[in-house]
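Q: Please see the structure below; I have some questions.
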Amino acid sequence: MNKALTLLSIILILSSCSSVKTINTHDQKKSSTIPDKVDFDPYEHAHGPVEKPIDIIVPQEETVRIGERGGDIYANSDLGTVSGHVENKKLRIGLSLGPGIYRTINYVSLLKILERQNLAPDIITGTGFGAIVAAMYATGMTPEVIEWNFYKYFKEKKKNKPYEKDWINEIDEMFLTKFKNINIQDTKKKFFITLYDHNTKKTYYFDKGNIRDLLLLNLRLSNNFKESKSSQKYSTAFEKEVFNARLLRQLGAEFTIAVDVLGARFDFETTNEFLIGVYGRTAGRIQKERKDFDYSVTLPLNLMSLDSTKDSSFFMQKTYDFMQKQSPLIFKKIQAKLDSLSHSGNE
């Protein structure tokens with residue numbers, strides 16, 4: 001009898017392992033967390049080739065999962081199904097933060113309001129500087145600690161222009177080194193980073209790998225990316241994809257929120273035609289993508305320059321007051337979503 005049970009256990013273990021795909025021949029060893037070393041075929045699945053994913057496609061592109069050892073493409077996945085959650089009367093919230101350099105400090109006020117209204121996100125992501133704020137929050141920093149980090153940087157920062165080499169080194173020293181020994185899969189909240197690959201012309205989301213390495217890649221713009229050893233060229237995703245409601249839902253979000261700080265008007269303290277062009281195109285893309293979210297909002301920051309640290313306390317308070325007034329609308333939309341789910345569940 002014992003031998004039969006032992007044999008049955010072995011068969012079950014082997015059968016469960018058969019669905020796990022080995023991404024590369026070095027998978028048994030500890031893989032590098034640097035995404036440049038990834039060896040990954042986005043169109044290969046554990047059960048053979050599959051069609052391009054439908055649920056997470058954006059115009060002319062697609063978003064697929066990749067990590068330090070690669071991963072599966074989620075096509076028509078069960079992830080994110082909402083059945084079984086209605087009775088809890090609390091939806092799983094996914095929050096996506098857009099880019100905006102120093103304007104993104106105002107996401108702190110947003111996070112304070114969401115927490116105080118018991119609407120803290122369960123899944124969080126961002127692009128550009130929004131990804132840095134998202135990473136801080138996902139790793140357990142409170143909004144107050146994130147705010148302190150920004151003000152410390154504003155006090156000590158040098159006069160480097162955004163996206164210059166010295167500026168990126170400065171941001172690395174003041175913000176990113178905090179994540180030096182932290183991997184995405186170890187965060188307190190579900191977190192992922194999106195990057196654009198100029199070789200494959202696809203946007204990838206990373207839910208594995210070292211946060212600092214990925215954020216450094218996220219700070220690259222299309223004019224200054226470097227070719228990696230694997231011939232993949234990564235840069236920030238917001239030049240191709242800012243928000244992705246379908247991806248958030250695919251990863252389990254039941255109520256999706258997109259927050260923008262660019263709006264229709266923005267400028268810089270120091271003239272930079274290249275950045276004005278980049279963010280101008282991004283602002284147009286945001287207006288299209290935000291329509292797919294359950295709730296989307298643009299914070300009232302037209303008078304704050306993207307590279308300005310002046311009057312940041314004033315804008316923080318303005319954002320806080322604005323989001324406080326938005327709270328009833330968010331609750332109304334959440335209740336409508338719950339009613340819709342409850343109705344569909346009873347059919």
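We label chains A, B, ... in the order they appear in the structure tokens, count residues from 1 in each chain, and number ligands from 1 in the order shown.
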DSSP says alpha helix (DSSP H) for which residues of segment 142-305 of chain A? Put them as an NGL selection string?
A: :A and (143-156 or 165-174 or 211-218 or 245-250 or 273-289)
Q: For Pro121 of chain A, please output as number ranges by chain all residues within 7 Å (counting only C-alpha atoms; exclusion window: fewer than 2 positions along the same chain).
A: A: 93-95, 119, 123-124
Q: Tell me, as a list in words, which residues lie within 8 Å of segment 278-289 of chain A, counting only C-alpha atoms; anything in the same chain fewer than 6 positions away does not count.
A: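 Listing them by chain and then by number gives Phe238, Glu239, Lys240, Glu241, Val242, Phe243, Asn244, Ala245, Asp260, Leu262, Gly263 and Ala264 of chain A.
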Q: Could you please determine the separation between atom CA of Asp339 of chain A and atom CA of Val297 of chain A in Å, to one decimal place?
A: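 These atoms are spaced 22.4 Å apart.
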Q: Show me, as a tab-separated table, the residues of segment 85-111 of chain A having an atom within 10 Å of segment 302-324 of chain A, each with the closest atom pair and its distance in Å, using only C-alpha atoms.
A:
residue	atom	partner	partner_atom	distance
A:Pro99	CA	A:Leu306	CA	9.7
A:Gly100	CA	A:Leu306	CA	6.0
A:Ile101	CA	A:Leu306	CA	5.6
A:Tyr102	CA	A:Leu306	CA	5.5
A:Arg103	CA	A:Leu306	CA	5.6
A:Thr104	CA	A:Leu306	CA	8.7
A:Ile105	CA	A:Met316	CA	7.6
A:Asn106	CA	A:Met316	CA	5.3
A:Tyr107	CA	A:Thr319	CA	8.4
A:Val108	CA	A:Met316	CA	7.7
A:Ser109	CA	A:Tyr320	CA	4.9
A:Leu110	CA	A:Met323	CA	6.4
A:Leu111	CA	A:Tyr320	CA	9.3
Q: Please return as a list in words: the residues of segment 128-277 of chain A that backbone DSSP assigns to strand (DSSP E).
A: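 So the strand (DSSP E) residues in segment 128-277 of chain A would be Lys190, Phe191, Phe192, Ile193, Thr194, Leu195, Tyr196, Asp197, Lys202, Thr203, Tyr204, Tyr205, Phe206, Tyr234, Ser235, Thr236, Phe255, Thr256, Ile257, Ala258, Val259 and Asp260 of chain A.
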Q: Would you work out the distance separating atom CA of Glu173 of chain A from atom CA of Thr270 of chain A, expressed in Å to one decimal?
A: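 Taking atom CA of Glu173 of chain A as the start and atom CA of Thr270 of chain A as the end point, the length is 22.8 Å.
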Q: Considering only C-alpha atoms, can you say which of A:Thr203, A:Gly128, A:Glu115, A:Asp186 comes closest to Glu144 of chain A?
A: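 Closest to Glu144 of chain A, using only C-alpha atoms: A:Glu115.
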Q: Can you work out which one of A:Lys188, A:Arg290, A:Lys112, A:Lys161 has the shortest atom-to-atom distance to Ser96 of chain A, counting only C-alpha atoms?
A: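 Of the candidates, the smallest distance to Ser96 of chain A is held by A:Arg290.
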Q: Looking at only C-alpha atoms, which of A:Asn160, A:Thr298, A:Asn118, A:Gln185 is the one that sits closest to Ala138 of chain A?
A: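 Of all the options, A:Gln185 lies closest to Ala138 of chain A.
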